[in-house]
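Colleague: Have a look at this one before I ask anything.
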Amino acid sequence: MTQSVELWQEGENGELNISVKLYAKKDTHMRMVIGTAGQMVARMAREAGEDLSHVFLREVKLKLSVKLRK
């Protein structure tokens with residue numbers, strides 16, 4: 001897995017909007033990260049967003065997307 005930060009922007013209310021793409025080399029890895037009905041990637045985004053909120057002392061809206069790198 002590799003990642004790329006696509007967006008790092010401060011919002012109007014001081015929150016951080018962060019968008020990260022995760023690249024998997026195999027389809028099976030991609031499916032494991034996404035999880036059933038997207039539950040795993042949503043949980044990762046929520047937990048990482050909460051951790052980042054503690055670091056930056058403000059609300060963080062983290063969006064994760066998973067792609068297959070060919």
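Simple scheme: letters A, B, ... for chains in structure tokens order, numbers from 1 for residues in each chain, numbers from 1 for ligands in the order shown.
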Residues of chain A in strand (DSSP E or B) according to DSSP, as a list in words?
Modeller: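 Everything in chain A that counts as strand (DSSP E or B) is Thr2, Gln3, Ser4, Val5, Glu6, Leu7, Trp8, Gln9, Glu10, Leu16, Asn17, Ile18, Ser19, Val20, Lys21, Leu22, Tyr23, Ala24, Val60, Lys61, Leu62, Lys63, Leu64, Ser65, Val66, Lys67 and Leu68 of chain A.
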Colleague: How would the residues just picked look written out with N, CA, C and O atoms as a tab-separated table (two decimals), in the first residue's frame?
Modeller:
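For reference, again_7.tsv as written:
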chain	number	residue	atom	x	y	z
A	2	THR	N	0.51	2.20	-0.81
A	2	THR	CA	1.12	3.51	-0.78
A	2	THR	C	-0.01	4.53	-0.68
A	2	THR	O	-1.17	4.20	-0.92
A	3	GLN	N	0.35	5.76	-0.31
A	3	GLN	CA	-0.69	6.77	-0.17
A	3	GLN	C	-0.22	8.07	-0.82
A	3	GLN	O	0.95	8.31	-1.00
A	4	SER	N	-1.21	8.89	-1.14
A	4	SER	CA	-0.95	10.20	-1.73
A	4	SER	C	-1.96	11.18	-1.15
A	4	SER	O	-3.18	10.95	-1.20
A	5	VAL	N	-1.44	12.27	-0.57
A	5	VAL	CA	-2.33	13.31	-0.05
A	5	VAL	C	-2.80	14.16	-1.23
A	5	VAL	O	-2.00	14.80	-1.89
A	6	GLU	N	-4.08	14.11	-1.50
A	6	GLU	CA	-4.64	14.82	-2.65
A	6	GLU	C	-5.10	16.24	-2.29
A	6	GLU	O	-5.11	17.13	-3.13
A	7	LEU	N	-5.51	16.42	-1.03
A	7	LEU	CA	-6.03	17.72	-0.60
A	7	LEU	C	-5.67	17.92	0.87
A	7	LEU	O	-5.80	17.01	1.68
A	8	TRP	N	-5.22	19.13	1.18
A	8	TRP	CA	-4.96	19.54	2.57
A	8	TRP	C	-5.37	21.00	2.61
A	8	TRP	O	-4.63	21.85	2.14
A	9	GLN	N	-6.55	21.27	3.13
A	9	GLN	CA	-7.12	22.61	3.01
A	9	GLN	C	-7.82	22.99	4.31
A	9	GLN	O	-8.50	22.17	4.92
A	10	GLU	N	-7.65	24.24	4.69
A	10	GLU	CA	-8.36	24.74	5.86
A	10	GLU	C	-9.72	25.24	5.41
A	10	GLU	O	-9.85	26.00	4.46
A	16	LEU	N	-9.84	21.25	9.22
A	16	LEU	CA	-8.95	20.78	8.17
A	16	LEU	C	-9.69	19.77	7.32
A	16	LEU	O	-10.29	18.82	7.84
A	17	ASN	N	-9.66	19.96	6.03
A	17	ASN	CA	-10.21	19.00	5.08
A	17	ASN	C	-9.03	18.30	4.41
A	17	ASN	O	-8.22	18.94	3.74
A	18	ILE	N	-8.95	17.00	4.62
A	18	ILE	CA	-7.84	16.22	4.09
A	18	ILE	C	-8.41	15.07	3.27
A	18	ILE	O	-9.32	14.36	3.70
A	19	SER	N	-7.85	14.91	2.07
A	19	SER	CA	-8.25	13.80	1.20
A	19	SER	C	-7.00	13.00	0.85
A	19	SER	O	-6.01	13.56	0.37
A	20	VAL	N	-7.06	11.69	1.11
A	20	VAL	CA	-5.92	10.82	0.87
A	20	VAL	C	-6.36	9.65	0.00
A	20	VAL	O	-7.40	9.04	0.26
A	21	LYS	N	-5.56	9.35	-1.03
A	21	LYS	CA	-5.80	8.16	-1.84
A	21	LYS	C	-4.83	7.09	-1.41
A	21	LYS	O	-3.63	7.33	-1.26
A	22	LEU	N	-5.36	5.90	-1.18
A	22	LEU	CA	-4.56	4.73	-0.85
A	22	LEU	C	-4.49	3.86	-2.09
A	22	LEU	O	-5.51	3.58	-2.71
A	23	TYR	N	-3.28	3.45	-2.45
A	23	TYR	CA	-3.09	2.63	-3.64
A	23	TYR	C	-2.65	1.22	-3.23
A	23	TYR	O	-1.68	1.06	-2.51
A	24	ALA	N	-3.40	0.23	-3.70
A	24	ALA	CA	-3.09	-1.17	-3.43
A	24	ALA	C	-2.52	-1.80	-4.70
A	24	ALA	O	-2.92	-1.46	-5.81
A	60	VAL	N	-11.03	17.69	12.12
A	60	VAL	CA	-10.41	17.22	10.88
A	60	VAL	C	-11.43	16.35	10.16
A	60	VAL	O	-11.99	15.41	10.72
A	61	LYS	N	-11.67	16.68	8.91
A	61	LYS	CA	-12.54	15.88	8.05
A	61	LYS	C	-11.62	15.13	7.09
A	61	LYS	O	-11.03	15.72	6.18
A	62	LEU	N	-11.46	13.83	7.32
A	62	LEU	CA	-10.55	13.01	6.54
A	62	LEU	C	-11.34	12.12	5.60
A	62	LEU	O	-12.23	11.38	6.01
A	63	LYS	N	-10.98	12.19	4.33
A	63	LYS	CA	-11.61	11.34	3.32
A	63	LYS	C	-10.54	10.40	2.77
A	63	LYS	O	-9.49	10.85	2.33
A	64	LEU	N	-10.82	9.11	2.84
A	64	LEU	CA	-9.92	8.11	2.29
A	64	LEU	C	-10.58	7.43	1.09
A	64	LEU	O	-11.77	7.12	1.13
A	65	SER	N	-9.82	7.25	0.03
A	65	SER	CA	-10.31	6.45	-1.09
A	65	SER	C	-9.23	5.44	-1.46
A	65	SER	O	-8.04	5.68	-1.26
A	66	VAL	N	-9.65	4.29	-1.95
A	66	VAL	CA	-8.74	3.20	-2.25
A	66	VAL	C	-8.82	2.91	-3.74
A	66	VAL	O	-9.89	2.77	-4.31
A	67	LYS	N	-7.64	2.83	-4.36
A	67	LYS	CA	-7.54	2.55	-5.79
A	67	LYS	C	-6.57	1.41	-6.02
A	67	LYS	O	-5.66	1.19	-5.24
A	68	LEU	N	-6.76	0.72	-7.12
A	68	LEU	CA	-5.85	-0.34	-7.52
A	68	LEU	C	-4.78	0.26	-8.41
A	68	LEU	O	-5.10	0.91	-9.42
Colleague: Nearest to Arg69 of chain A among A:Met40, A:Ala45, A:Leu57, A:Met1, with distances taken over only C-alpha atoms: which residue is it?
Modeller: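 For Arg69 of chain A, the nearest of the candidates is A:Met1.
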Colleague: So how many Å separate atom CA of Arg31 of chain A and atom CA of Arg46 of chain A, to one decimal?
Modeller: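 Straight-line distance from atom CA of Arg31 of chain A to atom CA of Arg46 of chain A works out to 18.4 Å.
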Colleague: Residues of chain A classed as helix (DSSP H, G or I) by DSSP on the backbone are to be reported as an NGL selection string.
Modeller: :A and (27-34 or 36-56)
Colleague: Store the residues picked out above, limited to N, CA and C atoms, as a compact mmCIF listing (two decimals), in the first residue's frame.
Modeller:
# COMPACT_ATOMS: atom_id res chain seq x y z
N ASP A 27 -5.76 -6.60 -6.04
CA ASP A 27 -7.20 -6.46 -5.83
C ASP A 27 -7.62 -7.01 -4.47
N THR A 28 -6.99 -8.10 -4.04
CA THR A 28 -7.35 -8.68 -2.74
C THR A 28 -7.00 -7.72 -1.60
N HIS A 29 -5.88 -7.02 -1.72
CA HIS A 29 -5.51 -6.04 -0.69
C HIS A 29 -6.51 -4.90 -0.67
N MET A 30 -6.89 -4.45 -1.86
CA MET A 30 -7.85 -3.35 -1.96
C MET A 30 -9.17 -3.75 -1.29
N ARG A 31 -9.63 -4.95 -1.56
CA ARG A 31 -10.90 -5.40 -0.98
C ARG A 31 -10.81 -5.54 0.53
N MET A 32 -9.64 -5.96 1.06
CA MET A 32 -9.47 -6.05 2.51
C MET A 32 -9.54 -4.67 3.15
N VAL A 33 -8.92 -3.69 2.53
CA VAL A 33 -8.90 -2.33 3.09
C VAL A 33 -10.30 -1.72 3.04
N ILE A 34 -11.01 -1.93 1.96
CA ILE A 34 -12.36 -1.38 1.83
C ILE A 34 -13.31 -2.06 2.81
N THR A 36 -16.29 -4.98 4.04
CA THR A 36 -17.68 -5.22 3.66
C THR A 36 -18.45 -3.91 3.64
N ALA A 37 -19.02 -3.59 2.49
CA ALA A 37 -19.83 -2.38 2.31
C ALA A 37 -19.06 -1.11 2.70
N GLY A 38 -17.72 -1.15 2.58
CA GLY A 38 -16.92 0.04 2.86
C GLY A 38 -16.71 0.32 4.34
N GLN A 39 -17.07 -0.64 5.19
CA GLN A 39 -16.99 -0.41 6.63
C GLN A 39 -15.57 -0.22 7.14
N MET A 40 -14.60 -0.97 6.60
CA MET A 40 -13.23 -0.90 7.11
C MET A 40 -12.60 0.45 6.77
N VAL A 41 -12.73 0.89 5.54
CA VAL A 41 -12.12 2.17 5.15
C VAL A 41 -12.81 3.33 5.87
N ALA A 42 -14.10 3.22 6.11
CA ALA A 42 -14.82 4.26 6.84
C ALA A 42 -14.34 4.32 8.29
N ARG A 43 -14.11 3.17 8.89
CA ARG A 43 -13.62 3.12 10.27
C ARG A 43 -12.20 3.71 10.35
N MET A 44 -11.36 3.35 9.39
CA MET A 44 -10.00 3.90 9.36
C MET A 44 -10.03 5.42 9.24
N ALA A 45 -10.88 5.94 8.38
CA ALA A 45 -10.98 7.39 8.19
C ALA A 45 -11.47 8.07 9.46
N ARG A 46 -12.45 7.47 10.11
CA ARG A 46 -13.00 8.05 11.34
C ARG A 46 -11.96 8.07 12.46
N GLU A 47 -11.29 6.94 12.67
CA GLU A 47 -10.31 6.85 13.75
C GLU A 47 -9.09 7.72 13.49
N ALA A 48 -8.60 7.73 12.25
CA ALA A 48 -7.44 8.57 11.92
C ALA A 48 -7.81 10.04 12.00
N GLY A 49 -9.03 10.38 11.59
CA GLY A 49 -9.51 11.76 11.69
C GLY A 49 -9.57 12.23 13.13
N GLU A 50 -10.02 11.34 14.03
CA GLU A 50 -10.07 11.68 15.46
C GLU A 50 -8.66 11.89 16.01
N ASP A 51 -7.73 11.02 15.63
CA ASP A 51 -6.33 11.17 16.07
C ASP A 51 -5.74 12.48 15.57
N LEU A 52 -5.99 12.81 14.31
CA LEU A 52 -5.48 14.07 13.75
C LEU A 52 -6.11 15.28 14.42
N SER A 53 -7.36 15.17 14.82
CA SER A 53 -8.02 16.26 15.53
C SER A 53 -7.31 16.57 16.84
N HIS A 54 -6.83 15.52 17.52
CA HIS A 54 -6.09 15.72 18.76
C HIS A 54 -4.73 16.36 18.50
N VAL A 55 -4.11 16.01 17.39
CA VAL A 55 -2.79 16.56 17.07
C VAL A 55 -2.90 18.04 16.68
N PHE A 56 -3.86 18.36 15.82
CA PHE A 56 -3.99 19.72 15.30
C PHE A 56 -4.92 20.62 16.12
